[in-house]
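Below is one structure, written out as structure tokens; the observations come after it.
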Amino acid sequence: MDTVAERRREIDIFRHATDRIVAGVAGGLANRLGVPSGYVRAAFVVLSLLWGLGVVAYVALWMATFERVEDRPPRLLDNRRQMGLGMMFVGALLLFRTVGWWSGDLPMLIVTTLAFGMAVLSDFDWLGRLLDPHAARPSKWRIGSGVVLLLAGLVALGGALSQLRTLGGITLAVLITLAGVVMVFGPWLVGLGRALTSERRERIRQEERAEMATHLHDSVLQTLALMQRTDDPKRIVTLARQQERELRAWLYGAEPGPNGQRFAAALEEAASRVEADFAIPVEVVSVGDTALDDVTRAVVAAAGEAMINAAKHSGASEVSVYAEIENGRVDVWVADQGRGFDLDSVPPDRRGLRDSIRGRMARVGGGAEIDARPGEGTEVHVWAPLSGEEGESR
Amino acid sequence: MIRLFLVDDHALFLSGVKAEFEDMSDRFEIVGTASDVDDAIEAIRETNPDVVLIDVHMPGGGGLAVINSVSETHPDVTFLALSVSDAAEDVIAMIRAGARGYVTKSIGSEELAEAIERVHGGDAVFSPRLAGFVLDAFAHGLPQPADPELDQLTPREKEVLRLIARGYPYKQVARRLSISIKTVETHVSSVLRKLQLSSRYELTRWASDRRIV
């Protein structure tokens, strides 16, 4: 049904929701062609005089087109109006016949009966309304009479069949019969298909909403609940920051590049881990970005170690991380404004600095520099040459 | 005493900031607040404050619209942008419209007070993130600038920005480079001027390419 619906949309002619006398076909067509709808209506009437071609064309277009659901006005009165207009149309055809402009008794009868039946049944959505418990039900006699009229048309057609002897005549009669069947059931099927499509759209929308709700529940609501149970202002700040970071990542989707995660995102992630573990804000600023490989991974790891040291020992209220990827090398500074320390007094068995930072950087051909003075904060600078694909702006 | 005007469409945030400044009533006087663009333009013109603390995202054109219309009639009003948005596009757009600085809403109240005093004194305020954006924008724009004077940073300016991006307050930047704070402020102001005057539309494009931060 989906492809049918799409094809219909491609036709790009919509039955006009407001400029309508019977079903809005003429109005829609006029809208599409850019001519006054009166001309189109006149053309349909003229064509109807030529063996009912106008009626056939009208019905065919009606079935091939769509009503734009969103701009349909309430149509309670409309149904009665359509019925009346359908009868007027039949009356006009009968009049033409009497005057002698158009003759041919049996086909005439068939077409007019079918037209009348369709006019009665022209509320396209009656099946939809039957399925929709909230909508007003169509009156039973209207459905009944429509069906009876259509059946009468088909019976008349059957009678006509016995009189038609030529092969062409029989083919024509069969086609008319098929057309009648389509006219009766087509609208239901279309309506059903449309209901299915919109139901699926609604389901997708609901799934998205559910996903959003789940995410907000797992993250934002949990964090808010945690914050209400915490008296420690530092922890509240940390929770809020962590949640902010997560929400931003989720909303703006820091999507990984074709080679997976990028350097700046990995650094950001390392920072948010430290933030979570040590309840201290870590501000990351990156200039440029590059792919994540063995070298840049080592830089992230070393910088992460430096962040942990700052968070643990500095006593500072914030850690600043600045990364720069330029001219084929990557530099990261991890700084705090904390108590600092005397480099010479670090016992040689403190492995964090020696192995995790200096050793790691040396192995990838880079280096590390620690600038610390008691009382003046600490800054760890790690750098490494980029291999292969050079630093680039994101 | 600095006459301060606050613009923010979040009532809660507005009242929070207001309360913080009322504790510093020896340094600041709040002459008015507004929570949408039209009110803000009208009230700022009426009260003629020294500094406007302005939110970036607001219905009806945002802080940008306020800066643009107020500076037409009142060029003396100084703007300091304050936002939750870290998007380069917002930051660069506000600065290019004439804001003297850009700080995020997570800033501490004392830091915010200092930032306001600094812009009122005629200097620019660069947060670490803004410094990073500027470095990135100037480093990765087009290779052939139309006006090298304006479209490039001097090595010294770059050094200053780098230290700011590394999280150092102006005082420490000055010490590390063995220059005076005044000189640091001069460098920062000239970077801001370059950012505002630079002919490169690439700056704006650079920023919009980095909409997602």
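To be explicit about the labels: the chains of the structure tokens are called A, B, and onward in the order shown, and within each one the residues are counted from 1, while ligands get numbers from 1 in the order they are shown.
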
Give me, as a tab-separated table, the closest atom pair and its distance (Å, one decimal) for every residue of chain B within a cut-off of 12 Å of chain A, counting only C-alpha atoms, rows sorted by chain and rising number.
residue	atom	partner	partner_atom	distance
B:Val84	CA	A:Glu244	CA	10.1
B:Ser85	CA	A:Arg248	CA	10.0
B:Asp86	CA	A:Arg248	CA	10.0
B:Ala87	CA	A:Tyr252	CA	10.4
B:Ala88	CA	A:Val287	CA	11.8
B:Thr104	CA	A:Glu283	CA	11.8
B:Lys105	CA	A:Arg241	CA	11.8
B:Ser106	CA	A:Arg241	CA	9.1
B:Ile107	CA	A:Glu283	CA	11.5
B:Gly108	CA	A:Ser317	CA	11.2
B:Ser127	CA	A:Val285	CA	10.3
B:Pro128	CA	A:Val285	CA	6.9
B:Arg129	CA	A:Val285	CA	5.7
B:Leu130	CA	A:Val285	CA	8.9
B:Ala131	CA	A:Val285	CA	8.7
B:Gly132	CA	A:Val287	CA	5.9
B:Phe133	CA	A:Val287	CA	7.1
B:Val134	CA	A:Val287	CA	9.0
B:Leu135	CA	A:Val287	CA	6.9
B:Asp136	CA	A:Val287	CA	5.1
B:Ala137	CA	A:Val287	CA	8.8
B:Phe138	CA	A:Val287	CA	10.4
B:Ala139	CA	A:Glu326	CA	8.5
B:His140	CA	A:Ser393	CA	6.0
B:Gly141	CA	A:Ser393	CA	9.1
B:Leu142	CA	A:Ser393	CA	11.4
B:Leu161	CA	A:Tyr322	CA	11.2
B:Arg162	CA	A:Tyr322	CA	8.3
B:Leu163	CA	A:Tyr322	CA	9.1
B:Ile164	CA	A:Tyr322	CA	9.5
B:Ala165	CA	A:Tyr322	CA	6.2
B:Arg166	CA	A:Tyr322	CA	5.1
B:Gly167	CA	A:Ser320	CA	5.3
B:Tyr168	CA	A:Gln337	CA	8.2
B:Pro169	CA	A:Gln337	CA	9.6
B:Gln172	CA	A:Glu376	CA	9.7
B:Arg175	CA	A:Glu376	CA	11.7
B:Arg176	CA	A:Asp371	CA	11.6
B:Trp206	CA	A:Ser393	CA	9.9
B:Ala207	CA	A:Arg394	CA	11.4
B:Asp209	CA	A:Arg394	CA	9.0
B:Arg210	CA	A:Arg394	CA	8.2
B:Arg211	CA	A:Tyr252	CA	9.2
B:Ile212	CA	A:Tyr252	CA	6.1
B:Val213	CA	A:Tyr252	CA	7.5

Please, could you write that set of residues out with N, CA and C atoms as a CSV table (one decimal), in the first residue's frame?
chain,number,residue,atom,x,y,z
B,84,VAL,N,24.2,29.3,27.5
B,84,VAL,CA,24.5,27.9,27.7
B,84,VAL,C,25.1,27.3,26.5
B,85,SER,N,24.9,28.1,25.4
B,85,SER,CA,25.4,27.5,24.1
B,85,SER,C,26.9,27.6,23.9
B,86,ASP,N,27.5,26.5,23.6
B,86,ASP,CA,28.9,26.4,23.3
B,86,ASP,C,29.1,26.5,21.8
B,87,ALA,N,28.1,26.5,21.0
B,87,ALA,CA,28.2,26.4,19.6
B,87,ALA,C,29.0,27.6,19.0
B,88,ALA,N,30.0,27.2,18.2
B,88,ALA,CA,30.9,28.2,17.7
B,88,ALA,C,30.1,29.3,16.9
B,104,THR,N,30.1,31.5,29.4
B,104,THR,CA,29.0,30.5,29.5
B,104,THR,C,28.4,30.7,30.9
B,105,LYS,N,27.1,30.1,30.9
B,105,LYS,CA,26.3,30.3,32.2
B,105,LYS,C,26.9,29.6,33.3
B,106,SER,N,27.9,28.7,33.1
B,106,SER,CA,28.4,27.9,34.2
B,106,SER,C,29.5,28.8,35.0
B,107,ILE,N,29.7,30.0,34.5
B,107,ILE,CA,30.7,30.8,35.1
B,107,ILE,C,30.3,31.2,36.6
B,108,GLY,N,31.4,31.3,37.5
B,108,GLY,CA,31.1,31.6,38.9
B,108,GLY,C,30.7,33.1,39.0
B,127,SER,N,36.9,33.8,27.4
B,127,SER,CA,36.9,32.6,28.2
B,127,SER,C,37.8,31.6,27.5
B,128,PRO,N,38.2,30.5,28.2
B,128,PRO,CA,39.1,29.5,27.5
B,128,PRO,C,38.4,29.0,26.3
B,129,ARG,N,37.1,28.8,26.3
B,129,ARG,CA,36.5,28.2,25.1
B,129,ARG,C,36.5,29.2,23.9
B,130,LEU,N,36.2,30.4,24.2
B,130,LEU,CA,36.2,31.4,23.2
B,130,LEU,C,37.6,31.6,22.6
B,131,ALA,N,38.6,31.5,23.5
B,131,ALA,CA,40.0,31.6,23.0
B,131,ALA,C,40.3,30.4,22.0
B,132,GLY,N,39.8,29.3,22.4
B,132,GLY,CA,40.0,28.1,21.6
B,132,GLY,C,39.3,28.2,20.2
B,133,PHE,N,38.1,28.8,20.2
B,133,PHE,CA,37.3,29.0,19.0
B,133,PHE,C,38.1,30.0,18.1
B,134,VAL,N,38.6,31.0,18.7
B,134,VAL,CA,39.3,32.0,17.9
B,134,VAL,C,40.6,31.5,17.3
B,135,LEU,N,41.3,30.7,18.1
B,135,LEU,CA,42.5,30.1,17.5
B,135,LEU,C,42.2,29.2,16.4
B,136,ASP,N,41.2,28.4,16.6
B,136,ASP,CA,40.7,27.4,15.6
B,136,ASP,C,40.3,28.2,14.3
B,137,ALA,N,39.5,29.2,14.5
B,137,ALA,CA,39.0,30.0,13.3
B,137,ALA,C,40.1,30.6,12.5
B,138,PHE,N,41.1,31.2,13.2
B,138,PHE,CA,42.1,31.9,12.5
B,138,PHE,C,43.1,30.9,11.9
B,139,ALA,N,43.3,29.7,12.6
B,139,ALA,CA,44.2,28.8,12.1
B,139,ALA,C,43.7,28.0,10.9
B,140,HIS,N,42.4,27.8,10.8
B,140,HIS,CA,41.9,26.9,9.8
B,140,HIS,C,41.0,27.6,8.8
B,141,GLY,N,41.1,28.9,8.7
B,141,GLY,CA,40.4,29.6,7.7
B,141,GLY,C,41.0,29.4,6.3
B,142,LEU,N,40.7,30.2,5.4
B,142,LEU,CA,41.3,30.1,4.1
B,142,LEU,C,42.8,30.5,4.1
B,161,LEU,N,46.4,34.0,23.6
B,161,LEU,CA,45.2,33.2,23.5
B,161,LEU,C,45.4,31.8,23.9
B,162,ARG,N,46.5,31.2,23.6
B,162,ARG,CA,46.8,29.8,24.0
B,162,ARG,C,46.8,29.7,25.5
B,163,LEU,N,47.4,30.7,26.1
B,163,LEU,CA,47.4,30.6,27.6
B,163,LEU,C,46.0,30.7,28.2
B,164,ILE,N,45.3,31.6,27.6
B,164,ILE,CA,43.9,31.8,28.1
B,164,ILE,C,43.1,30.5,27.9
B,165,ALA,N,43.3,29.9,26.7
B,165,ALA,CA,42.6,28.6,26.4
B,165,ALA,C,43.1,27.5,27.4
B,166,ARG,N,44.3,27.6,27.9
B,166,ARG,CA,44.8,26.6,28.8
B,166,ARG,C,44.3,26.9,30.2
B,167,GLY,N,43.5,27.9,30.4
B,167,GLY,CA,42.8,28.1,31.6
B,167,GLY,C,43.4,29.1,32.6
B,168,TYR,N,44.4,29.9,32.1
B,168,TYR,CA,45.1,30.8,33.0
B,168,TYR,C,44.3,32.2,33.0
B,169,PRO,N,44.2,32.7,34.2
B,169,PRO,CA,43.7,34.0,34.3
B,169,PRO,C,44.7,35.1,33.8
B,172,GLN,N,48.1,35.6,35.4
B,172,GLN,CA,49.1,34.5,35.2
B,172,GLN,C,49.6,34.5,33.8
B,175,ARG,N,52.3,37.0,33.8
B,175,ARG,CA,53.5,36.6,34.5
B,175,ARG,C,54.3,35.6,33.6
B,176,ARG,N,53.6,34.7,33.0
B,176,ARG,CA,54.2,33.7,32.2
B,176,ARG,C,54.9,34.3,30.9
B,206,TRP,N,33.2,29.2,8.9
B,206,TRP,CA,33.9,28.3,9.8
B,206,TRP,C,33.0,28.0,11.0
B,207,ALA,N,32.4,29.1,11.6
B,207,ALA,CA,31.6,28.9,12.8
B,207,ALA,C,30.4,28.0,12.5
B,209,ASP,N,30.0,25.8,10.2
B,209,ASP,CA,30.4,24.4,10.0
B,209,ASP,C,30.6,23.7,11.3
B,210,ARG,N,30.8,24.5,12.4
B,210,ARG,CA,31.0,23.9,13.7
B,210,ARG,C,29.8,24.1,14.6
B,211,ARG,N,28.6,24.0,13.9
B,211,ARG,CA,27.4,24.2,14.7
B,211,ARG,C,27.3,23.2,15.8
B,212,ILE,N,27.8,22.1,15.6
B,212,ILE,CA,27.7,21.0,16.6
B,212,ILE,C,28.9,20.9,17.4
B,213,VAL,N,28.8,21.2,18.6
B,213,VAL,CA,30.1,21.2,19.4
B,213,VAL,C,29.9,20.3,20.6

List the neighbours of Ser317 of chain A out to 10 Å using only C-alpha atoms; skip same-chain residues closer than 5 positions along the sequence, and give me the result as a VMD selection string. chain A and resid 234 279 to 282 310 to 311 336 to 338

List as a list in words the protein and nucleic acid residues near Asp123 of chain B, meaning an atom at most 12 Å away when only C-alpha atoms are counted, but skip any in the same chain fewer than 4 places from it. Thr78, Phe79, Leu80, Ala99, Arg100, Gly101, Glu114, Ala115, Ile116, Glu117, Arg118, Val119, Tyr170, Ile181, Lys182, Thr183, Val184, Glu185, Thr186, His187, Val188, Ser189, Ser190, Val191, Leu192 and Arg193 of chain B

Got a sec: who's within 10 Å of Leu386 of chain A, counting only C-alpha atoms, leaving out chain neighbours fewer than 4 positions off, as a ChimeraX atom specification? /A:290-291,293-296,325-330,364-366,390-391

Can you list every residue in chain B that DSSP puts in strand (DSSP E or B), as a PyMOL selection string? chain B and resi 2-7+28-34+51-55+78-83+101-104+125-126

Taking only C-alpha atoms into account, name the residue in B:Gln152, B:Ser25, B:Ser109, B:Thr73 that is nearest to Glu46 of chain B. B:Thr73

Would you pick out the contacts of Ile30 of chain B at 12 Å or less, using only C-alpha atoms, so that residues sharing its chain but fewer than 4 positions from it are not included, and give the list as a PyMOL selection string? chain B and resi 1-7+14-15+17-26+34+44+47-53
